[in-house]
$ cat start32.cif   # mmCIF, C-alpha atoms and all ligand atoms
data_entry
loop_
_atom_site.label_atom_id
_atom_site.label_comp_id
_atom_site.auth_asym_id
_atom_site.auth_seq_id
_atom_site.Cartn_x
_atom_site.Cartn_y
_atom_site.Cartn_z
CA GLY A 1 55.32 0.99 39.53
CA SER A 2 52.32 1.79 37.44
CA THR A 3 51.52 -1.42 35.54
CA ILE A 4 50.16 -4.40 37.44
CA GLY A 5 50.49 -7.85 35.86
CA ILE A 6 47.73 -10.36 36.66
CA LEU A 7 48.10 -14.08 36.01
CA GLY A 8 44.71 -15.44 34.97
CA GLY A 9 41.88 -14.00 32.88
CA GLY A 10 38.84 -15.30 34.77
CA GLN A 11 36.32 -13.21 36.67
CA LEU A 12 38.65 -12.60 39.62
CA GLY A 13 41.37 -11.23 37.35
CA ARG A 14 38.75 -9.14 35.59
CA MET A 15 37.48 -7.58 38.82
CA LEU A 16 41.06 -6.98 40.01
CA SER A 17 41.73 -5.20 36.74
CA VAL A 18 38.68 -2.95 37.24
CA ALA A 19 39.84 -2.08 40.76
CA ALA A 20 43.36 -1.32 39.53
CA SER A 21 41.96 0.92 36.81
CA ARG A 22 39.98 2.90 39.38
CA LEU A 23 43.23 3.58 41.23
CA GLY A 24 44.89 4.80 38.05
CA TYR A 25 47.02 1.76 37.29
CA LEU A 26 47.39 -0.01 33.98
CA THR A 27 46.93 -3.78 34.01
CA HIS A 28 48.25 -6.56 31.86
CA ILE A 29 46.58 -9.97 32.09
CA TYR A 30 48.36 -13.21 31.24
CA GLU A 31 45.86 -15.92 30.32
CA PRO A 32 46.92 -19.38 29.17
CA GLY A 33 43.37 -20.58 28.47
CA ALA A 34 41.61 -20.37 25.14
CA ALA A 35 38.97 -17.82 26.09
CA PRO A 36 39.32 -15.28 28.92
CA ALA A 37 36.12 -14.47 30.81
CA GLY A 38 35.90 -11.02 29.29
CA GLN A 39 38.69 -8.66 28.40
CA VAL A 40 39.01 -5.51 30.47
CA ALA A 41 42.77 -5.36 30.79
CA HIS A 42 44.76 -2.71 29.04
CA ALA A 43 46.83 -5.49 27.58
CA LEU A 44 46.26 -9.23 27.31
CA THR A 45 48.68 -12.03 26.53
CA GLN A 46 47.33 -15.43 25.66
CA ALA A 47 50.13 -17.97 25.87
CA PRO A 48 50.72 -21.13 27.90
CA TYR A 49 52.77 -21.09 31.11
CA ALA A 50 55.42 -23.12 29.29
CA ASP A 51 56.07 -20.31 26.79
CA GLU A 52 59.26 -18.78 28.21
CA ALA A 53 59.47 -15.98 25.67
CA ALA A 54 55.89 -14.89 26.35
CA LEU A 55 56.47 -15.01 30.11
CA ARG A 56 59.63 -12.89 29.79
CA ALA A 57 57.85 -10.36 27.59
CA PHE A 58 55.03 -10.16 30.15
CA ALA A 59 57.48 -9.65 33.01
CA ALA A 60 59.26 -6.90 31.08
CA ASP A 61 55.94 -5.10 30.62
CA VAL A 62 54.87 -4.92 34.30
CA ASP A 63 56.14 -3.54 37.62
CA VAL A 64 54.59 -6.11 39.95
CA ILE A 65 52.80 -9.42 39.38
CA THR A 66 49.82 -10.90 41.18
CA PHE A 67 47.46 -13.76 40.31
CA GLU A 68 43.82 -14.76 40.47
CA PHE A 69 44.39 -18.47 41.00
CA GLU A 70 46.88 -20.46 43.00
CA ASN A 71 47.75 -23.17 40.50
CA VAL A 72 50.24 -21.29 38.37
CA PRO A 73 53.05 -23.77 37.61
CA ALA A 74 56.13 -23.25 39.83
CA THR A 75 58.49 -23.13 36.83
CA ALA A 76 56.63 -20.14 35.38
CA LEU A 77 56.60 -18.38 38.76
CA ASP A 78 60.33 -18.91 39.26
CA LEU A 79 61.05 -17.45 35.86
CA LEU A 80 58.84 -14.39 36.45
CA ALA A 81 60.26 -13.86 39.96
CA GLU A 82 63.75 -13.42 38.48
CA THR A 83 62.82 -9.93 37.30
CA VAL A 84 59.58 -8.79 38.96
CA PRO A 85 58.20 -8.99 42.52
CA ILE A 86 55.31 -11.47 42.82
CA ARG A 87 52.75 -10.61 45.51
CA PRO A 88 51.66 -12.58 47.47
CA GLY A 89 54.97 -14.44 47.39
CA LEU A 90 55.92 -17.91 46.24
CA ASP A 91 55.75 -19.34 49.78
CA ALA A 92 52.01 -18.67 49.94
CA LEU A 93 51.53 -20.31 46.58
CA ALA A 94 53.61 -23.37 47.40
CA VAL A 95 51.70 -23.91 50.65
CA SER A 96 48.25 -23.59 49.14
CA GLN A 97 48.85 -25.53 45.92
CA ASP A 98 48.85 -28.83 47.79
CA ARG A 99 46.29 -29.82 50.44
CA LEU A 100 48.85 -31.97 52.26
CA THR A 101 51.38 -29.12 52.52
CA GLU A 102 48.59 -26.69 53.40
CA LYS A 103 47.12 -28.74 56.24
CA THR A 104 50.59 -29.57 57.59
CA PHE A 105 51.45 -25.85 57.54
CA LEU A 106 48.20 -24.90 59.32
CA GLN A 107 48.67 -27.50 62.03
CA GLY A 108 52.27 -26.31 62.42
CA LEU A 109 50.86 -22.88 63.27
CA GLY A 110 48.75 -24.49 65.97
CA LEU A 111 45.52 -24.13 64.01
CA ALA A 112 42.89 -26.87 63.96
CA THR A 113 42.00 -28.63 60.70
CA ALA A 114 39.97 -31.70 59.80
CA PRO A 115 41.95 -34.84 60.67
CA PHE A 116 43.82 -35.98 57.55
CA ARG A 117 46.14 -38.66 56.24
CA ASP A 118 48.40 -38.81 53.19
CA VAL A 119 47.16 -41.80 51.15
CA PRO A 120 49.71 -42.59 48.43
CA ASP A 121 48.27 -46.05 47.77
CA LEU A 122 45.17 -48.20 48.39
CA PRO A 123 46.47 -50.01 51.52
CA MET A 124 47.30 -46.60 53.04
CA LEU A 125 43.77 -45.43 52.20
CA GLN A 126 42.29 -48.50 53.86
CA ALA A 127 44.44 -47.95 56.94
CA ALA A 128 43.48 -44.26 57.04
CA LEU A 129 39.78 -45.18 56.85
CA GLU A 130 40.27 -47.46 59.85
CA GLU A 131 41.84 -44.60 61.80
CA LEU A 132 39.60 -41.70 60.79
CA GLY A 133 36.36 -43.68 60.38
CA THR A 134 33.53 -42.96 57.97
CA PRO A 135 32.15 -40.88 56.47
CA ALA A 136 35.40 -39.48 55.14
CA ILE A 137 36.37 -37.45 52.10
CA LEU A 138 39.07 -38.41 49.63
CA LYS A 139 40.46 -35.27 47.96
CA THR A 140 43.08 -34.71 45.29
CA ARG A 141 46.07 -32.94 46.79
CA ARG A 142 46.30 -30.51 43.89
CA LEU A 143 44.05 -28.64 41.46
CA GLY A 144 40.64 -29.36 43.03
CA TYR A 145 38.02 -26.57 43.09
CA ASP A 146 34.22 -26.28 43.43
CA GLY A 147 34.23 -29.73 45.06
CA LYS A 148 35.76 -31.31 41.92
CA GLY A 149 38.33 -34.04 42.64
CA GLN A 150 36.57 -35.20 45.82
CA VAL A 151 34.83 -38.44 46.70
CA ARG A 152 32.87 -39.05 49.86
CA ILE A 153 33.41 -42.50 51.34
CA VAL A 154 30.50 -43.70 53.47
CA ASP A 155 31.53 -47.35 53.84
CA PRO A 156 35.11 -48.72 54.00
CA ALA A 157 34.08 -51.24 51.30
CA GLU A 158 34.02 -48.30 48.84
CA ALA A 159 37.77 -47.69 49.27
CA ALA A 160 38.91 -49.40 46.06
CA ASP A 161 36.32 -47.60 43.89
CA ALA A 162 37.10 -44.26 45.50
CA TYR A 163 40.83 -44.81 45.02
CA ALA A 164 40.26 -45.73 41.36
CA ALA A 165 38.22 -42.54 40.89
CA MET A 166 41.37 -40.52 41.74
CA ALA A 167 42.93 -42.03 38.59
CA GLY A 168 46.45 -42.11 40.00
CA THR A 169 46.34 -38.50 41.25
CA ASP A 170 47.93 -37.93 44.68
CA ALA A 171 45.22 -37.66 47.32
CA ILE A 172 44.60 -37.14 51.02
CA LEU A 173 41.83 -38.55 53.18
CA GLU A 174 40.00 -36.15 55.46
CA GLY A 175 37.80 -37.08 58.35
CA PHE A 176 34.27 -35.77 57.96
CA VAL A 177 33.61 -32.64 60.02
CA ALA A 178 30.05 -32.36 61.35
CA PHE A 179 30.13 -28.57 61.24
CA GLU A 180 27.36 -26.26 62.45
CA ARG A 181 28.01 -23.82 59.64
CA GLU A 182 30.67 -22.70 57.21
CA VAL A 183 32.14 -19.23 57.40
CA SER A 184 35.07 -17.51 55.78
CA VAL A 185 37.22 -14.58 56.64
CA ILE A 186 38.78 -12.40 53.96
CA ALA A 187 41.90 -10.75 55.30
CA ALA A 188 44.67 -8.61 53.89
CA ARG A 189 48.25 -7.79 54.75
CA GLY A 190 50.01 -4.73 53.38
CA LEU A 191 53.60 -4.33 52.23
CA SER A 192 54.50 -2.78 55.59
CA GLY A 193 52.91 -5.67 57.52
CA GLU A 194 49.59 -4.19 58.63
CA VAL A 195 46.70 -6.67 58.78
CA VAL A 196 43.04 -5.87 58.07
CA CYS A 197 40.09 -8.30 58.19
CA PHE A 198 36.65 -8.02 56.67
CA ASP A 199 33.71 -9.32 58.70
CA PRO A 200 33.32 -13.12 58.47
CA GLY A 201 30.58 -14.26 56.07
CA GLU A 202 28.46 -17.37 56.29
CA ASN A 203 28.70 -19.64 53.25
CA VAL A 204 26.20 -22.10 51.84
CA HIS A 205 27.38 -24.56 49.20
CA GLN A 206 25.28 -26.53 46.74
CA GLY A 207 26.76 -29.42 44.81
CA GLY A 208 30.23 -28.37 46.02
CA ILE A 209 29.82 -24.83 44.61
CA LEU A 210 29.42 -21.68 46.69
CA ARG A 211 25.76 -20.62 46.47
CA THR A 212 25.42 -17.70 48.91
CA THR A 213 27.47 -15.69 51.38
CA THR A 214 25.53 -13.88 54.10
CA ILE A 215 26.98 -10.99 56.10
CA PRO A 216 27.09 -10.88 59.05
CA ALA A 217 27.61 -14.56 59.82
CA GLU A 218 25.89 -15.98 62.87
CA LEU A 219 28.97 -16.22 65.05
CA SER A 220 29.72 -15.53 68.71
CA PRO A 221 31.94 -12.53 69.48
CA ALA A 222 34.64 -14.95 70.69
CA LEU A 223 34.69 -16.89 67.39
CA ARG A 224 34.58 -13.64 65.43
CA THR A 225 37.78 -12.61 67.21
CA ASP A 226 39.31 -16.07 66.70
CA ALA A 227 38.64 -15.85 62.97
CA ALA A 228 40.50 -12.55 62.69
CA LEU A 229 43.38 -13.72 64.88
CA LEU A 230 43.95 -16.95 62.98
CA ALA A 231 43.85 -15.14 59.65
CA GLY A 232 46.47 -12.74 60.98
CA ARG A 233 48.63 -15.60 62.13
CA ILE A 234 48.53 -17.19 58.66
CA LEU A 235 49.30 -13.88 56.94
CA ASN A 236 52.26 -13.13 59.18
CA ALA A 237 53.70 -16.65 58.93
CA LEU A 238 53.74 -16.37 55.15
CA ASP A 239 55.06 -12.77 55.16
CA TYR A 240 52.04 -12.29 52.97
CA VAL A 241 51.18 -9.28 50.80
CA GLY A 242 47.64 -9.13 49.41
CA VAL A 243 44.20 -10.56 50.15
CA LEU A 244 43.77 -14.07 51.55
CA GLY A 245 40.58 -16.12 51.83
CA VAL A 246 40.31 -18.49 54.80
CA GLU A 247 37.48 -21.05 54.74
CA LEU A 248 36.39 -22.19 58.19
CA PHE A 249 34.15 -24.82 59.72
CA VAL A 250 32.29 -23.76 62.86
CA THR A 251 32.12 -26.68 65.30
CA PRO A 252 31.20 -27.00 68.99
CA ALA A 253 34.96 -27.19 69.66
CA GLY A 254 35.66 -23.92 67.83
CA LEU A 255 36.92 -23.02 64.36
CA LEU A 256 38.62 -25.48 62.01
CA VAL A 257 40.45 -24.24 58.93
CA ASN A 258 39.16 -26.01 55.81
CA GLU A 259 41.44 -24.37 53.27
CA ILE A 260 43.12 -21.11 52.39
CA ALA A 261 43.11 -19.31 49.06
CA PRO A 262 46.05 -16.92 48.43
CA ARG A 263 43.93 -14.48 46.44
CA VAL A 264 40.64 -12.65 46.35
CA HIS A 265 37.85 -15.10 47.12
CA ASN A 266 34.30 -15.72 45.89
CA SER A 267 33.01 -15.44 49.46
CA GLY A 268 34.45 -11.91 49.60
CA HIS A 269 32.41 -10.54 46.70
CA TRP A 270 29.91 -9.05 49.20
CA THR A 271 32.52 -6.39 50.05
CA GLN A 272 31.75 -4.72 46.70
CA ALA A 273 28.42 -3.60 48.19
CA GLY A 274 29.29 -3.67 51.89
CA CYS A 275 32.55 -1.78 52.23
CA ALA A 276 34.06 1.46 50.98
CA VAL A 277 37.18 -0.47 49.97
CA ASP A 278 36.24 -3.90 48.60
CA GLN A 279 38.48 -6.99 48.49
CA PHE A 280 39.63 -6.25 44.94
CA GLU A 281 40.76 -2.72 45.72
CA GLN A 282 42.25 -4.00 49.00
CA HIS A 283 44.33 -6.54 47.07
CA ILE A 284 45.50 -3.97 44.54
CA ARG A 285 46.39 -1.55 47.34
CA ALA A 286 48.47 -4.23 49.06
CA VAL A 287 50.21 -5.37 45.90
CA ALA A 288 50.96 -1.76 44.89
CA GLY A 289 52.33 -0.92 48.33
CA LEU A 290 49.54 1.53 49.23
CA PRO A 291 47.96 1.75 52.71
CA LEU A 292 45.04 -0.66 53.17
CA GLY A 293 41.36 0.25 53.54
CA ASP A 294 39.86 -0.22 57.01
CA GLY A 295 37.67 -3.24 56.18
CA LYS A 296 34.64 -1.71 57.88
CA ARG A 297 31.20 -2.91 56.77
CA HIS A 298 28.42 -0.32 56.43
CA VAL A 299 25.44 -2.55 55.52
CA ASP A 300 24.34 -6.19 55.70
CA VAL A 301 24.69 -8.05 52.40
CA VAL A 302 23.64 -11.36 50.88
CA MET A 303 25.81 -12.38 47.93
CA GLU A 304 24.35 -14.95 45.56
CA ASN A 305 26.30 -16.57 42.74
CA LEU A 306 24.65 -16.77 39.33
CA ILE A 307 25.44 -20.29 38.20
CA GLY A 308 24.46 -21.74 34.80
CA ASP A 309 20.71 -21.31 34.24
CA ASP A 310 20.44 -18.72 37.02
CA MET A 311 21.12 -16.31 34.18
CA ASP A 312 17.49 -16.84 33.08
CA ARG A 313 16.51 -14.83 36.17
CA LEU A 314 18.41 -11.76 34.97
CA PRO A 315 15.35 -9.63 34.01
CA GLU A 316 13.85 -10.13 37.48
CA LEU A 317 17.21 -9.44 39.17
CA LEU A 318 17.69 -6.26 37.15
CA ALA A 319 14.29 -5.06 38.38
CA ALA A 320 14.97 -5.87 42.04
CA PRO A 321 15.68 -3.00 44.45
CA ASP A 322 18.94 -2.79 46.45
CA THR A 323 20.56 -5.34 44.16
CA GLN A 324 24.02 -4.90 42.67
CA ILE A 325 24.65 -7.11 39.65
CA HIS A 326 28.02 -8.33 38.41
CA LEU A 327 28.28 -10.29 35.15
CA TYR A 328 31.54 -11.86 34.01
CA GLY A 329 31.03 -11.57 30.25
CA LYS A 330 31.48 -15.30 29.64
CA ALA A 331 30.45 -16.19 26.11
CA GLU A 332 28.89 -19.53 26.95
CA THR A 333 26.52 -20.57 29.76
CA ARG A 334 27.20 -24.07 31.11
CA PRO A 335 25.71 -25.98 34.06
CA GLY A 336 27.80 -25.34 37.19
CA ARG A 337 29.63 -22.41 35.59
CA LYS A 338 29.82 -19.17 37.56
CA MET A 339 28.37 -16.51 35.24
CA GLY A 340 28.07 -13.63 37.69
CA HIS A 341 26.85 -12.73 41.15
CA VAL A 342 24.44 -10.36 42.85
CA ASN A 343 24.92 -8.45 46.09
CA ARG A 344 21.63 -7.75 47.84
CA ILE A 345 21.85 -4.94 50.34
CA ARG A 346 19.92 -5.47 53.57
CA ARG A 347 19.37 -2.35 55.60
P1 LIG A 401 36.70 -24.43 46.56
O1 LIG A 401 35.89 -24.16 45.34
O2 LIG A 401 36.19 -23.73 47.81
O3 LIG A 401 38.18 -24.26 46.36
P2 LIG A 401 37.36 -27.25 46.90
O4 LIG A 401 37.08 -28.07 45.71
O5 LIG A 401 38.77 -26.88 47.18
O6 LIG A 401 36.42 -25.97 46.90
P3 LIG A 401 36.73 -27.88 49.66
O7 LIG A 401 36.62 -26.46 50.07
O8 LIG A 401 37.83 -28.68 50.26
O9 LIG A 401 36.78 -28.07 48.10
O10 LIG A 401 35.36 -28.61 49.94
C1 LIG A 401 34.16 -28.14 49.36
C2 LIG A 401 33.04 -28.22 50.38
O11 LIG A 401 32.86 -29.59 50.79
C3 LIG A 401 33.34 -27.49 51.67
O12 LIG A 401 33.05 -26.12 51.59
C4 LIG A 401 32.43 -28.23 52.64
O13 LIG A 401 31.09 -27.85 52.46
C5 LIG A 401 32.59 -29.67 52.17
N1 LIG A 401 33.72 -30.33 52.87
C6 LIG A 401 35.00 -30.33 52.49
N2 LIG A 401 35.80 -31.00 53.36
C7 LIG A 401 34.97 -31.45 54.32
C8 LIG A 401 35.18 -32.22 55.53
N3 LIG A 401 36.39 -32.69 55.87
N4 LIG A 401 34.09 -32.49 56.29
C9 LIG A 401 32.87 -32.05 55.94
N5 LIG A 401 32.61 -31.32 54.83
C10 LIG A 401 33.64 -31.02 54.03
MG MG A 402 39.69 -25.06 47.26
MG MG A 403 36.74 -24.63 49.52
#
$ encode --input "start32.cif" --output "structure tokens" --more "lines below"
Ligand code: ATP
Ligand code: MG
Ligand code: MG
Amino acid sequence: GSTIGILGGGQLGRMLSVAASRLGYLTHIYEPGAAPAGQVAHALTQAPYADEAALRAFAADVDVITFEFENVPATALDLLAETVPIRPGLDALAVSQDRLTEKTFLQGLGLATAPFRDVPDLPMLQAALEELGTPAILKTRRLGYDGKGQVRIVDPAEAADAYAAMAGTDAILEGFVAFEREVSVIAARGLSGEVVCFDPGENVHQGGILRTTTIPAELSPALRTDAALLAGRILNALDYVGVLGVELFVTPAGLLVNEIAPRVHNSGHWTQAGCAVDQFEQHIRAVAGLPLGDGKRHVDVVMENLIGDDMDRLPELLAAPDTQIHLYGKAETRPGRKMGHVNRIRR
């Protein structure tokens, strides 16, 4: 096929579209929101995921469909999947749309996660707090990102307030992990089943939002191998096609999986400056059925997100040496909003 459909018109969809263009493909972006981050697609449809006619027209226009975010409603996916392959597949989406399903799946693979409990009501939350202790984190099962939809509980007496803050949304309680550092591994699986990993990066968050990713991560050779092996296990179990982001906690007992993202990932943006084939091209290659790039890193990189007012630093960043700048073309700057990122090359 020669036209790739992308669900979602944010910065990830935009960068996927650029990568697809470089490989000679046409792209068509489906964006249900009011204002896409910046239009680079050869075609753009703005219609809600409930609009069956628009979805069918989109499916008729493309040869394969991928997505930039995992929360596409299942009804829309089922409809699209009737006529066009969706890569990665619906299994990967179903697993990662819900933290309860996701953590259950990961533990089923024999991978370690934070201890967790399903907490459908307040008494269950109180019981879970007894079992897991404090501090603990109450998280919405669905739709959370950038730390939104999470409440930290320091004292069991805060249970009722924390539960009320979820406003009736299904939630899980996670035991607090006293991690040494956070790393992530960006991995890919091709249509013929080959698996390729990029080097793990070390992530620093601020206010729940990714601030920087530093490559290479400070990680023992054994944990570096573990990271790649566990990513491969997840990819194979899901019969996955495309790029997957795996967020990990490094603890004295080894690696814990925090969450997986069935798509290109913010902590993989460094590959744009560090690898011949970056995560966006890697994803497009997988989805299009091409052989994957080798994932090799040729320089050290620090990726920094440009969030909200960080944009004021643009003149200085533009003047900095060894600095690759990516701007998402968002019309409006807001606090906490990702406006772009920079990749600083360290030789
Ligand atoms: P993302 O934008 O990465 O999708 P999210 O809203 O899904 O974020 P998480 O990744 O679950 O949220 O959590 C955000 C951050 O909060 C983590 O990267 C980590 O720093 C911290 N955190 C989350 N869960 C735990 C935990 N169980 N113990 C300690 N810290 C945690
Ligand atoms: Mg998440
Ligand atoms: Mg996360």
$ residues_near_ligand --input "start32.cif" --ligand "ligand MG 402 (chain A)" --cutoff "9 Å" --atoms "all atoms listed in the file" --output "ChimeraX atom specification"
/A:96,99,143-147,247,258-261
$ residues_near_ligand --input "start32.cif" --ligand "ligand LIG 401 (chain A)" --cutoff "10 Å" --atoms "all atoms listed in the file" --output "MDAnalysis selection string"
chainID A and resid 99 113:116 135:152 173:179 181:184 203:210 245:249 256:261 265:267
$ closest_residue --input "start32.cif" --among "A:Gly190, A:Pro216, A:Gly329, A:Gly108" --to "Gln282 (chain A)" --atoms "only C-alpha atoms"
A:Gly190
$ residues_around --input "start32.cif" --residues "Arg87 (chain A)" --least-positions-apart "4" --cutoff "8 Å" --atoms "all atoms listed in the file" --output "list in words"
Val64, Ile65, Thr66, Tyr240, Val241, Gly242 and Val287 of chain A
$ atom_distance --input "start32.cif" --atom1 "CA of Val119 (chain A)" --atom2 "CA of Tyr163 (chain A)"
9.3 Å
